[in-house]
file work26.csv (CSV, C-alpha atoms)
chain,number,residue,atom,x,y,z
G,1,MET,CA,0.0,0.0,0.0
G,2,LEU,CA,2.8,2.4,0.9
G,3,ARG,CA,4.6,1.6,-2.3
G,4,THR,CA,1.5,2.3,-4.3
G,5,LEU,CA,1.1,5.7,-2.6
G,6,LEU,CA,4.8,6.6,-3.1
G,7,ILE,CA,4.9,5.6,-6.8
G,8,GLY,CA,1.5,7.2,-7.5
G,9,THR,CA,2.6,10.5,-5.8
G,10,LEU,CA,5.8,10.6,-7.8
G,11,LEU,CA,4.0,9.8,-11.0
G,12,HIS,CA,1.4,12.6,-10.5
G,13,ALA,CA,4.1,15.0,-9.3
G,14,LYS,CA,6.0,14.5,-12.6
G,15,HIS,CA,2.7,14.9,-14.5
G,16,LEU,CA,2.0,18.2,-12.8
G,17,SER,CA,5.5,19.4,-13.6
G,18,ARG,CA,4.7,19.0,-17.3
G,19,SER,CA,1.7,21.3,-17.1
G,20,PRO,CA,2.4,24.9,-18.1
G,21,PHE,CA,-0.6,26.1,-16.2
G,22,GLU,CA,0.5,24.4,-13.0
G,23,ILE,CA,4.0,25.7,-13.4
G,24,ALA,CA,2.8,29.3,-14.0
G,25,LEU,CA,0.4,28.9,-11.0
G,26,ALA,CA,3.3,27.7,-8.7
G,27,LEU,CA,5.7,30.4,-9.9
G,28,VAL,CA,3.6,33.5,-9.9
G,29,ILE,CA,0.9,33.3,-7.2
G,30,PRO,CA,3.2,32.7,-4.2
G,31,LEU,CA,5.3,35.7,-5.1
G,32,VAL,CA,2.3,37.9,-5.5
G,33,GLN,CA,0.8,36.7,-2.2
G,34,ALA,CA,4.1,37.2,-0.4
G,35,THR,CA,4.5,40.7,-1.7
G,36,LEU,CA,0.9,41.7,-0.7
G,37,ALA,CA,1.4,40.1,2.7
G,38,VAL,CA,4.7,42.0,3.3
G,39,TYR,CA,3.2,45.4,2.4
G,40,LEU,CA,0.1,44.6,4.4
G,41,PHE,CA,2.0,43.9,7.6
G,42,ARG,CA,4.5,46.8,7.0
G,43,ALA,CA,1.6,49.2,6.7
G,44,GLY,CA,0.1,47.9,9.9
G,45,ASP,CA,1.2,48.1,13.5
G,46,GLU,CA,3.0,44.7,13.6
G,47,PRO,CA,6.0,44.9,11.2
G,48,HIS,CA,7.9,42.4,13.4
G,49,ARG,CA,5.5,39.7,12.1
G,50,LEU,CA,6.9,39.9,8.6
G,51,LEU,CA,8.3,36.3,8.8
G,52,GLU,CA,5.0,35.0,9.9
G,53,ALA,CA,3.4,36.8,7.0
G,54,ALA,CA,5.8,35.1,4.6
G,55,VAL,CA,5.0,31.7,6.1
G,56,GLY,CA,1.3,32.4,5.9
G,57,ALA,CA,1.6,33.5,2.2
G,58,GLY,CA,3.4,30.2,1.5
G,59,LEU,CA,0.6,28.2,3.1
G,60,MET,CA,-1.9,30.1,0.9
G,61,GLY,CA,0.1,29.0,-2.1
G,62,ILE,CA,0.1,25.4,-1.0
G,63,TRP,CA,-3.6,25.4,-0.4
G,64,SER,CA,-4.2,27.0,-3.8
G,65,SER,CA,-2.1,24.2,-5.4
G,66,VAL,CA,-3.9,21.5,-3.5
G,67,LEU,CA,-7.4,22.8,-4.3
G,68,THR,CA,-6.8,23.5,-8.0
G,69,GLY,CA,-4.3,20.7,-8.6
G,70,SER,CA,-6.3,17.9,-7.0
G,71,GLY,CA,-9.6,18.9,-8.6
G,72,GLY,CA,-8.0,19.6,-11.9
G,73,ALA,CA,-6.2,16.2,-11.9
G,74,ILE,CA,-9.6,14.4,-11.3
G,75,GLN,CA,-11.1,16.4,-14.2
G,76,ARG,CA,-8.1,15.6,-16.4
G,77,GLN,CA,-8.5,11.9,-15.7
G,78,ARG,CA,-12.1,12.1,-16.8
G,79,TRP,CA,-11.1,14.1,-20.0
G,80,HIS,CA,-8.3,11.6,-20.8
G,81,GLY,CA,-10.7,8.7,-20.3
G,82,THR,CA,-8.6,7.2,-17.5
G,83,LEU,CA,-10.9,8.0,-14.5
G,84,GLU,CA,-12.9,4.9,-15.2
G,85,MET,CA,-9.7,2.8,-15.2
G,86,ILE,CA,-8.7,4.3,-11.9
G,87,MET,CA,-12.1,3.7,-10.3
G,88,LEU,CA,-12.2,0.1,-11.7
G,89,ALA,CA,-8.6,-0.7,-10.5
G,90,PRO,CA,-8.4,-3.7,-8.0
G,91,ARG,CA,-7.5,-1.3,-5.2
G,92,HIS,CA,-9.5,0.9,-2.9
G,93,PRO,CA,-10.3,4.1,-4.7
G,94,VAL,CA,-8.6,6.1,-2.0
G,95,LEU,CA,-5.2,4.5,-3.0
G,96,MET,CA,-5.8,5.8,-6.5
G,97,ILE,CA,-6.9,9.3,-5.7
G,98,LEU,CA,-4.8,10.1,-2.6
G,99,PRO,CA,-1.5,10.2,-4.7
G,100,ILE,CA,-3.0,12.9,-6.8
G,101,THR,CA,-3.8,15.2,-3.9
G,102,ALA,CA,-0.5,14.3,-2.2
G,103,ALA,CA,1.4,15.2,-5.4
G,104,SER,CA,-0.4,18.6,-5.5
G,105,ALA,CA,0.6,19.3,-1.9
G,106,VAL,CA,4.2,18.2,-2.3
G,107,THR,CA,4.7,20.3,-5.4
G,108,GLY,CA,2.9,23.1,-3.6
G,109,THR,CA,5.6,23.2,-1.0
G,110,TYR,CA,7.6,25.3,-3.5
G,111,SER,CA,5.2,28.1,-2.5
G,112,LEU,CA,6.5,28.1,1.1
G,113,LEU,CA,10.1,28.0,-0.1
G,114,ALA,CA,9.5,30.7,-2.7
G,115,THR,CA,7.8,33.1,-0.3
G,116,LEU,CA,10.6,32.7,2.3
G,117,LEU,CA,13.4,33.2,-0.2
G,118,TRP,CA,11.5,36.1,-1.8
G,119,GLY,CA,11.0,37.8,1.6
G,120,ARG,CA,14.7,37.2,2.5
G,121,LEU,CA,16.2,38.4,-0.8
G,122,ILE,CA,13.9,41.2,-1.7
G,123,TYR,CA,12.6,42.5,1.6
G,124,ARG,CA,15.5,41.5,3.9
G,125,ILE,CA,13.3,39.5,6.2
G,126,PRO,CA,15.5,37.6,8.7
G,127,LEU,CA,14.7,33.9,8.7
G,128,ASP,CA,14.9,33.7,12.4
G,129,PHE,CA,12.8,30.6,13.3
G,130,ARG,CA,12.6,30.0,17.1
G,131,HIS,CA,12.2,26.3,16.5
G,132,PRO,CA,13.8,25.4,13.2
G,133,VAL,CA,13.5,21.6,13.6
G,134,ALA,CA,10.0,21.8,14.8
G,135,PHE,CA,9.2,24.1,11.8
G,136,LEU,CA,10.3,21.4,9.4
G,137,VAL,CA,8.2,18.8,11.2
G,138,ALA,CA,5.2,21.2,11.2
G,139,ALA,CA,5.6,21.8,7.5
G,140,VAL,CA,5.5,18.1,6.8
G,141,VAL,CA,2.4,17.8,9.1
G,142,CYS,CA,0.8,20.7,7.3
G,143,VAL,CA,1.4,19.1,3.9
G,144,VAL,CA,-0.2,15.8,5.2
G,145,GLY,CA,-3.2,17.7,6.5
G,146,LEU,CA,-3.6,19.6,3.2
G,147,SER,CA,-3.3,16.3,1.3
G,148,MET,CA,-6.1,14.6,3.3
G,149,PHE,CA,-8.3,17.7,3.1
G,150,GLY,CA,-7.7,17.8,-0.6
G,151,LEU,CA,-8.7,14.2,-0.9
G,152,LEU,CA,-12.0,15.0,0.9
G,153,MET,CA,-12.6,17.8,-1.6
G,154,ALA,CA,-11.4,15.9,-4.6
G,155,SER,CA,-13.9,13.0,-3.9
G,156,THR,CA,-16.7,15.2,-5.1
G,157,PHE,CA,-15.1,15.4,-8.6
G,158,VAL,CA,-15.8,11.7,-9.1
G,159,LEU,CA,-19.5,12.4,-9.0
G,160,LEU,CA,-19.8,16.0,-10.2
G,161,ARG,CA,-18.5,17.0,-13.6
G,162,ASN,CA,-18.5,20.7,-12.7
G,163,ALA,CA,-17.5,20.3,-9.0
G,164,ASN,CA,-14.8,22.9,-9.6
G,165,ALA,CA,-17.6,25.5,-9.6
G,166,LEU,CA,-18.1,24.5,-5.9
G,167,ALA,CA,-14.5,24.1,-4.9
G,168,ASN,CA,-12.9,27.2,-6.5
G,169,PRO,CA,-14.9,29.7,-4.3
G,170,LEU,CA,-13.6,27.9,-1.2
G,171,GLU,CA,-10.0,28.9,-1.8
G,172,TYR,CA,-10.1,32.3,-0.1
G,173,PRO,CA,-12.6,31.4,2.7
G,174,ILE,CA,-10.5,28.4,3.7
G,175,TRP,CA,-7.2,30.3,4.1
G,176,LEU,CA,-9.1,33.1,5.8
G,177,LEU,CA,-10.8,30.8,8.3
G,178,SER,CA,-7.6,28.9,8.8
G,179,GLY,CA,-5.7,32.0,10.0
G,180,MET,CA,-3.0,31.5,7.4
G,181,LEU,CA,-2.5,35.3,7.2
G,182,VAL,CA,-5.1,37.0,9.3
G,183,PRO,CA,-5.4,35.9,13.0
G,184,ILE,CA,-8.6,34.0,13.7
G,185,ALA,CA,-9.2,36.2,16.7
G,186,THR,CA,-10.0,39.1,14.4
G,187,LEU,CA,-12.8,37.1,12.7
G,188,PRO,CA,-16.4,37.0,13.8
G,189,SER,CA,-17.1,34.6,16.7
G,190,TRP,CA,-19.3,32.3,14.6
G,191,THR,CA,-16.3,31.4,12.4
G,192,VAL,CA,-14.4,29.8,15.4
G,193,PRO,CA,-16.3,26.4,15.3
G,194,ILE,CA,-15.7,26.2,11.5
G,195,ALA,CA,-12.0,27.0,11.9
G,196,ALA,CA,-11.7,24.4,14.7
G,197,VAL,CA,-12.6,21.5,12.4
G,198,LEU,CA,-10.2,22.4,9.5
G,199,PRO,CA,-6.8,20.7,9.5
G,200,THR,CA,-5.5,23.8,7.7
G,201,THR,CA,-6.2,25.8,10.9
G,202,TRP,CA,-4.0,23.6,13.1
G,203,GLY,CA,-1.3,23.1,10.5
G,204,ALA,CA,-1.0,26.9,10.1
G,205,ARG,CA,-1.0,27.3,13.9
G,206,ALA,CA,1.8,24.7,14.2
G,207,LEU,CA,4.0,26.6,11.7
G,208,ARG,CA,3.2,29.9,13.3
G,209,GLU,CA,4.1,28.6,16.8
G,210,ALA,CA,7.4,27.1,15.4
G,211,THR,CA,8.2,30.5,13.9
G,212,SER,CA,7.4,32.6,16.9
G,213,GLY,CA,8.3,30.2,19.7
G,214,GLY,CA,5.1,28.7,21.0
G,215,PRO,CA,3.9,25.1,21.6
G,216,VAL,CA,4.1,23.4,18.3
G,217,TRP,CA,3.2,19.7,19.1
G,218,PRO,CA,-0.3,20.1,20.4
G,219,SER,CA,-1.4,21.9,17.2
G,220,ALA,CA,0.5,19.4,15.0
G,221,GLY,CA,-1.2,16.5,16.9
G,222,VAL,CA,-4.7,18.0,16.3
G,223,CYS,CA,-3.8,18.6,12.6
G,224,LEU,CA,-2.9,14.9,12.2
G,225,ALA,CA,-6.0,13.7,14.0
G,226,ILE,CA,-8.3,15.8,11.8
G,227,SER,CA,-6.3,14.7,8.8
G,228,ALA,CA,-7.1,11.0,9.7
G,229,VAL,CA,-10.8,11.9,9.9
G,230,CYS,CA,-10.6,13.5,6.5
G,231,LEU,CA,-8.9,10.4,5.2
G,232,VAL,CA,-11.7,8.1,6.5
G,233,LEU,CA,-14.4,10.4,5.2
G,234,GLY,CA,-12.7,10.8,1.9
G,235,ALA,CA,-12.5,7.0,1.5
G,236,LEU,CA,-16.2,6.6,2.4
G,237,PHE,CA,-17.2,9.4,0.0
G,238,LEU,CA,-15.2,7.9,-2.8
G,239,VAL,CA,-16.9,4.6,-2.5
G,240,SER,CA,-20.4,6.2,-2.2
G,241,PHE,CA,-19.8,8.6,-5.0
G,242,GLU,CA,-18.5,5.9,-7.3
G,243,ARG,CA,-21.7,3.9,-6.7
G,244,ARG,CA,-23.9,6.9,-7.3
G,245,ALA,CA,-21.9,7.8,-10.5
G,246,ARG,CA,-22.3,4.3,-11.8
G,247,ALA,CA,-26.1,4.4,-11.1
G,248,ALA,CA,-26.4,7.9,-12.7
G,249,GLY,CA,-24.3,6.9,-15.7
G,250,THR,CA,-21.7,9.8,-15.2
G,251,LEU,CA,-18.8,7.3,-15.6
G,252,ALA,CA,-18.4,6.1,-19.1
G,253,LEU,CA,-17.9,2.5,-18.1
G,254,SER,CA,-20.9,2.4,-15.8

call {"tool": "encode", "arguments": {"input": "work26.csv", "output": "structure tokens"}}
result
Amino acid sequence: MLRTLLIGTLLHAKHLSRSPFEIALALVIPLVQATLAVYLFRAGDEPHRLLEAAVGAGLMGIWSSVLTGSGGAIQRQRWHGTLEMIMLAPRHPVLMILPITAASAVTGTYSLLATLLWGRLIYRIPLDFRHPVAFLVAAVVCVVGLSMFGLLMASTFVLLRNANALANPLEYPIWLLSGMLVPIATLPSWTVPIAAVLPTTWGARALREATSGGPVWPSAGVCLAISAVCLVLGALFLVSFERRARAAGTLALS
């Protein structure tokens, strides 16, 4: 099973690296978001949080990559006529779809590296992480959380041909609710329960704590726990959506 996931992730990562759209998305958006974040925090009353702003902008880039990459990959499988082969493979559907979202998250880590380097080289932001080792671990945990959450989102693309119309508007609300750039405390109180169930919230918090010097491991643990829930739900949804798609005739081999 692990070998299937690793090989599938590598395969889809190579596939994404051949897409001009994905390359342009990965190259341009993180730098634009990092620039906006730096000027936003410089204009405010907390210029000392520029490093956190760069990290938050990088997470925004990873989330954008996961959301558009995983959903687009499912759609491309349908357009290429291979989605049916994936769903009919003698493996659980989650083992076929999870590498796609994992590859999107792994390739999206460039966003985090790009925003940090951009902030360091252009804006002279010191990369002074209070817990550098914990930061690396938190980054891995965050990528895992985004992969699992992306799997949960991508499962809808098996059933809905135009599910991107539902997923795309979620890009900005998710990073806003997750506190990737704006603190959750500044948001309305009714958003707190929503933010609490998102793995992106706890992944972003773990990275922020590793940057500023807070407790990293509780947030990382919660992120992994919610990620496991997303994995289970994604697996259940994939099976359910596959059966519904067969019954509705939205898969060509149904």

call {"tool": "closest_residue", "arguments": {"input": "work26.csv", "among": "G:Ile174, G:Ala154, G:Leu121, G:Met96", "to": "Leu2 (chain G)", "atoms": "all atoms listed in the file"}}
result
G:Met96

call {"tool": "residues_around", "arguments": {"input": "work26.csv", "residues": "Leu224 (chain G)", "least_positions_apart": "6", "cutoff": "12 Å", "atoms": "all atoms listed in the file", "output": "short mmCIF file (atom, residue, chain, number, x, y, z; two decimals) with C-alpha atoms, keeping the file's coordinate frame"}}
result
data_model
loop_
_atom_site.label_atom_id
_atom_site.label_comp_id
_atom_site.auth_asym_id
_atom_site.auth_seq_id
_atom_site.Cartn_x
_atom_site.Cartn_y
_atom_site.Cartn_z
CA VAL G 137 8.20 18.80 11.20
CA ALA G 138 5.20 21.20 11.20
CA ALA G 139 5.60 21.80 7.50
CA VAL G 140 5.50 18.10 6.80
CA VAL G 141 2.40 17.80 9.10
CA CYS G 142 0.80 20.70 7.30
CA VAL G 143 1.40 19.10 3.90
CA VAL G 144 -0.20 15.80 5.20
CA GLY G 145 -3.20 17.70 6.50
CA LEU G 146 -3.60 19.60 3.20
CA SER G 147 -3.30 16.30 1.30
CA MET G 148 -6.10 14.60 3.30
CA PHE G 149 -8.30 17.70 3.10
CA VAL G 197 -12.60 21.50 12.40
CA LEU G 198 -10.20 22.40 9.50
CA PRO G 199 -6.80 20.70 9.50
CA THR G 200 -5.50 23.80 7.70
CA THR G 201 -6.20 25.80 10.90
CA TRP G 202 -4.00 23.60 13.10
CA GLY G 203 -1.30 23.10 10.50
CA ALA G 206 1.80 24.70 14.20
CA TRP G 217 3.20 19.70 19.10
CA PRO G 218 -0.30 20.10 20.40
CA CYS G 230 -10.60 13.50 6.50
CA LEU G 231 -8.90 10.40 5.20
#

call {"tool": "atom_distance", "arguments": {"input": "work26.csv", "atom1": "CA of Leu116 (chain G)", "atom2": "CA of Ala53 (chain G)"}}
result
9.5 Å

call {"tool": "atom_distance", "arguments": {"input": "work26.csv", "atom1": "CA of Gly108 (chain G)", "atom2": "CA of Ile62 (chain G)"}}
result
4.5 Å

call {"tool": "atom_distance", "arguments": {"input": "work26.csv", "atom1": "CA of Ser155 (chain G)", "atom2": "CA of Leu238 (chain G)"}}
result
5.4 Å

call {"tool": "residues_around", "arguments": {"input": "work26.csv", "residues": "Leu177 (chain G)", "least_positions_apart": "6", "cutoff": "12 Å", "atoms": "only C-alpha atoms", "output": "short mmCIF file (atom, residue, chain, number, x, y, z; two decimals) with C-alpha atoms, keeping the file's coordinate frame"}}
result
data_model
loop_
_atom_site.label_atom_id
_atom_site.label_comp_id
_atom_site.auth_asym_id
_atom_site.auth_seq_id
_atom_site.Cartn_x
_atom_site.Cartn_y
_atom_site.Cartn_z
CA MET G 60 -1.90 30.10 0.90
CA LEU G 170 -13.60 27.90 -1.20
CA GLU G 171 -10.00 28.90 -1.80
CA PRO G 183 -5.40 35.90 13.00
CA ILE G 184 -8.60 34.00 13.70
CA ALA G 185 -9.20 36.20 16.70
CA THR G 186 -10.00 39.10 14.40
CA LEU G 187 -12.80 37.10 12.70
CA PRO G 188 -16.40 37.00 13.80
CA SER G 189 -17.10 34.60 16.70
CA TRP G 190 -19.30 32.30 14.60
CA THR G 191 -16.30 31.40 12.40
CA VAL G 192 -14.40 29.80 15.40
CA PRO G 193 -16.30 26.40 15.30
CA ILE G 194 -15.70 26.20 11.50
CA ALA G 195 -12.00 27.00 11.90
CA ALA G 196 -11.70 24.40 14.70
CA VAL G 197 -12.60 21.50 12.40
CA LEU G 198 -10.20 22.40 9.50
CA PRO G 199 -6.80 20.70 9.50
CA THR G 200 -5.50 23.80 7.70
CA THR G 201 -6.20 25.80 10.90
CA TRP G 202 -4.00 23.60 13.10
CA ALA G 204 -1.00 26.90 10.10
CA ARG G 205 -1.00 27.30 13.90
#

call {"tool": "closest_residue", "arguments": {"input": "work26.csv", "among": "G:Gly221, G:Trp63, G:Ile29, G:Leu233", "to": "Pro173 (chain G)", "atoms": "all atoms listed in the file"}}
result
G:Trp63

call {"tool": "closest_residue", "arguments": {"input": "work26.csv", "among": "G:Arg49, G:Arg91, G:Arg76, G:Arg124", "to": "Arg208 (chain G)", "atoms": "only C-alpha atoms"}}
result
G:Arg49

call {"tool": "residues_around", "arguments": {"input": "work26.csv", "residues": "Val232 (chain G)", "least_positions_apart": "4", "cutoff": "12 Å", "atoms": "all atoms listed in the file", "output": "NGL selection string"}}
result
:G and (93-94 or 98 or 148-149 or 151-152 or 155 or 225-228 or 236-239)

call {"tool": "closest_residue", "arguments": {"input": "work26.csv", "among": "G:Ala103, G:Ile122, G:Leu67, G:Ala134", "to": "Pro169 (chain G)", "atoms": "only C-alpha atoms"}}
result
G:Leu67

call {"tool": "closest_residue", "arguments": {"input": "work26.csv", "among": "G:Leu88, G:Leu59, G:Met153, G:Ala34", "to": "Thr115 (chain G)", "atoms": "all atoms listed in the file"}}
result
G:Ala34

call {"tool": "closest_residue", "arguments": {"input": "work26.csv", "among": "G:Lys14, G:Phe241, G:Ala37, G:Phe21", "to": "Trp118 (chain G)", "atoms": "only C-alpha atoms"}}
result
G:Ala37

call {"tool": "residues_around", "arguments": {"input": "work26.csv", "residues": "Pro126 (chain G)", "least_positions_apart": "3", "cutoff": "10 Å", "atoms": "all atoms listed in the file", "output": "ChimeraX atom specification"}}
result
/G:50-51,116,119-121,123,129

call {"tool": "residues_around", "arguments": {"input": "work26.csv", "residues": "region 17-19 of chain G", "least_positions_apart": "6", "cutoff": "10 Å", "atoms": "all atoms listed in the file", "output": "compact mmCIF listing (two decimals) with C-alpha atoms, in the coordinates of the input"}}
result
# COMPACT_ATOMS: atom_id res chain seq x y z
CA LEU G 25 0.40 28.90 -11.00
CA ALA G 26 3.30 27.70 -8.70
CA THR G 107 4.70 20.30 -5.40

call {"tool": "decode", "arguments": {"input": "work26.csv", "residues": "region 120-136 of chain G", "atoms": "N, CA, C and O atoms", "output": "PDB file, in the first residue's frame"}}
result
ATOM      1  N   ARG G 120      13.299  37.047   2.001  1.00  0.00           N
ATOM      2  CA  ARG G 120      14.677  37.231   2.461  1.00  0.00           C
ATOM      3  C   ARG G 120      15.489  38.057   1.472  1.00  0.00           C
ATOM      4  O   ARG G 120      16.213  38.983   1.862  1.00  0.00           O
ATOM      5  N   LEU G 121      15.383  37.732   0.173  1.00  0.00           N
ATOM      6  CA  LEU G 121      16.224  38.380  -0.830  1.00  0.00           C
ATOM      7  C   LEU G 121      15.727  39.777  -1.205  1.00  0.00           C
ATOM      8  O   LEU G 121      16.544  40.691  -1.420  1.00  0.00           O
ATOM      9  N   ILE G 122      14.426  39.955  -1.282  1.00  0.00           N
ATOM     10  CA  ILE G 122      13.867  41.222  -1.747  1.00  0.00           C
ATOM     11  C   ILE G 122      13.590  42.172  -0.587  1.00  0.00           C
ATOM     12  O   ILE G 122      13.907  43.365  -0.661  1.00  0.00           O
ATOM     13  N   TYR G 123      13.036  41.646   0.502  1.00  0.00           N
ATOM     14  CA  TYR G 123      12.602  42.511   1.603  1.00  0.00           C
ATOM     15  C   TYR G 123      13.468  42.370   2.847  1.00  0.00           C
ATOM     16  O   TYR G 123      13.159  42.961   3.889  1.00  0.00           O
ATOM     17  N   ARG G 124      14.537  41.595   2.758  1.00  0.00           N
ATOM     18  CA  ARG G 124      15.503  41.461   3.853  1.00  0.00           C
ATOM     19  C   ARG G 124      14.860  40.988   5.161  1.00  0.00           C
ATOM     20  O   ARG G 124      15.229  41.439   6.249  1.00  0.00           O
ATOM     21  N   ILE G 125      13.908  40.085   5.040  1.00  0.00           N
ATOM     22  CA  ILE G 125      13.267  39.536   6.237  1.00  0.00           C
ATOM     23  C   ILE G 125      14.185  38.470   6.832  1.00  0.00           C
ATOM     24  O   ILE G 125      14.526  37.496   6.147  1.00  0.00           O
ATOM     25  N   PRO G 126      14.611  38.613   8.065  1.00  0.00           N
ATOM     26  CA  PRO G 126      15.489  37.590   8.667  1.00  0.00           C
ATOM     27  C   PRO G 126      14.729  36.290   8.901  1.00  0.00           C
ATOM     28  O   PRO G 126      13.630  36.295   9.469  1.00  0.00           O
ATOM     29  N   LEU G 127      15.308  35.193   8.468  1.00  0.00           N
ATOM     30  CA  LEU G 127      14.682  33.881   8.651  1.00  0.00           C
ATOM     31  C   LEU G 127      15.064  33.337  10.024  1.00  0.00           C
ATOM     32  O   LEU G 127      15.800  32.344  10.155  1.00  0.00           O
ATOM     33  N   ASP G 128      14.555  33.990  11.037  1.00  0.00           N
ATOM     34  CA  ASP G 128      14.901  33.664  12.418  1.00  0.00           C
ATOM     35  C   ASP G 128      13.783  32.821  13.031  1.00  0.00           C
ATOM     36  O   ASP G 128      12.904  33.322  13.745  1.00  0.00           O
ATOM     37  N   PHE G 129      13.820  31.518  12.755  1.00  0.00           N
ATOM     38  CA  PHE G 129      12.822  30.613  13.315  1.00  0.00           C
ATOM     39  C   PHE G 129      13.221  30.231  14.733  1.00  0.00           C
ATOM     40  O   PHE G 129      14.352  29.802  14.972  1.00  0.00           O
ATOM     41  N   ARG G 130      12.270  30.360  15.667  1.00  0.00           N
ATOM     42  CA  ARG G 130      12.577  30.020  17.060  1.00  0.00           C
ATOM     43  C   ARG G 130      12.817  28.522  17.228  1.00  0.00           C
ATOM     44  O   ARG G 130      13.644  28.108  18.031  1.00  0.00           O
ATOM     45  N   HIS G 131      12.058  27.706  16.487  1.00  0.00           N
ATOM     46  CA  HIS G 131      12.210  26.254  16.549  1.00  0.00           C
ATOM     47  C   HIS G 131      12.396  25.726  15.128  1.00  0.00           C
ATOM     48  O   HIS G 131      11.431  25.246  14.509  1.00  0.00           O
ATOM     49  N   PRO G 132      13.582  25.787  14.569  1.00  0.00           N
ATOM     50  CA  PRO G 132      13.774  25.402  13.162  1.00  0.00           C
ATOM     51  C   PRO G 132      13.450  23.942  12.873  1.00  0.00           C
ATOM     52  O   PRO G 132      12.861  23.624  11.834  1.00  0.00           O
ATOM     53  N   VAL G 133      13.839  23.034  13.777  1.00  0.00           N
ATOM     54  CA  VAL G 133      13.538  21.615  13.556  1.00  0.00           C
ATOM     55  C   VAL G 133      12.031  21.379  13.625  1.00  0.00           C
ATOM     56  O   VAL G 133      11.446  20.672  12.789  1.00  0.00           O
ATOM     57  N   ALA G 134      11.404  21.970  14.628  1.00  0.00           N
ATOM     58  CA  ALA G 134       9.951  21.840  14.754  1.00  0.00           C
ATOM     59  C   ALA G 134       9.236  22.461  13.562  1.00  0.00           C
ATOM     60  O   ALA G 134       8.173  21.989  13.157  1.00  0.00           O
ATOM     61  N   PHE G 135       9.824  23.505  12.984  1.00  0.00           N
ATOM     62  CA  PHE G 135       9.224  24.129  11.812  1.00  0.00           C
ATOM     63  C   PHE G 135       9.196  23.146  10.644  1.00  0.00           C
ATOM     64  O   PHE G 135       8.199  23.044   9.923  1.00  0.00           O
ATOM     65  N   LEU G 136      10.286  22.405  10.437  1.00  0.00           N
ATOM     66  CA  LEU G 136      10.335  21.424   9.355  1.00  0.00           C
ATOM     67  C   LEU G 136       9.307  20.315   9.585  1.00  0.00           C
ATOM     68  O   LEU G 136       8.617  19.891   8.654  1.00  0.00           O
TER      69      LEU G 136
END
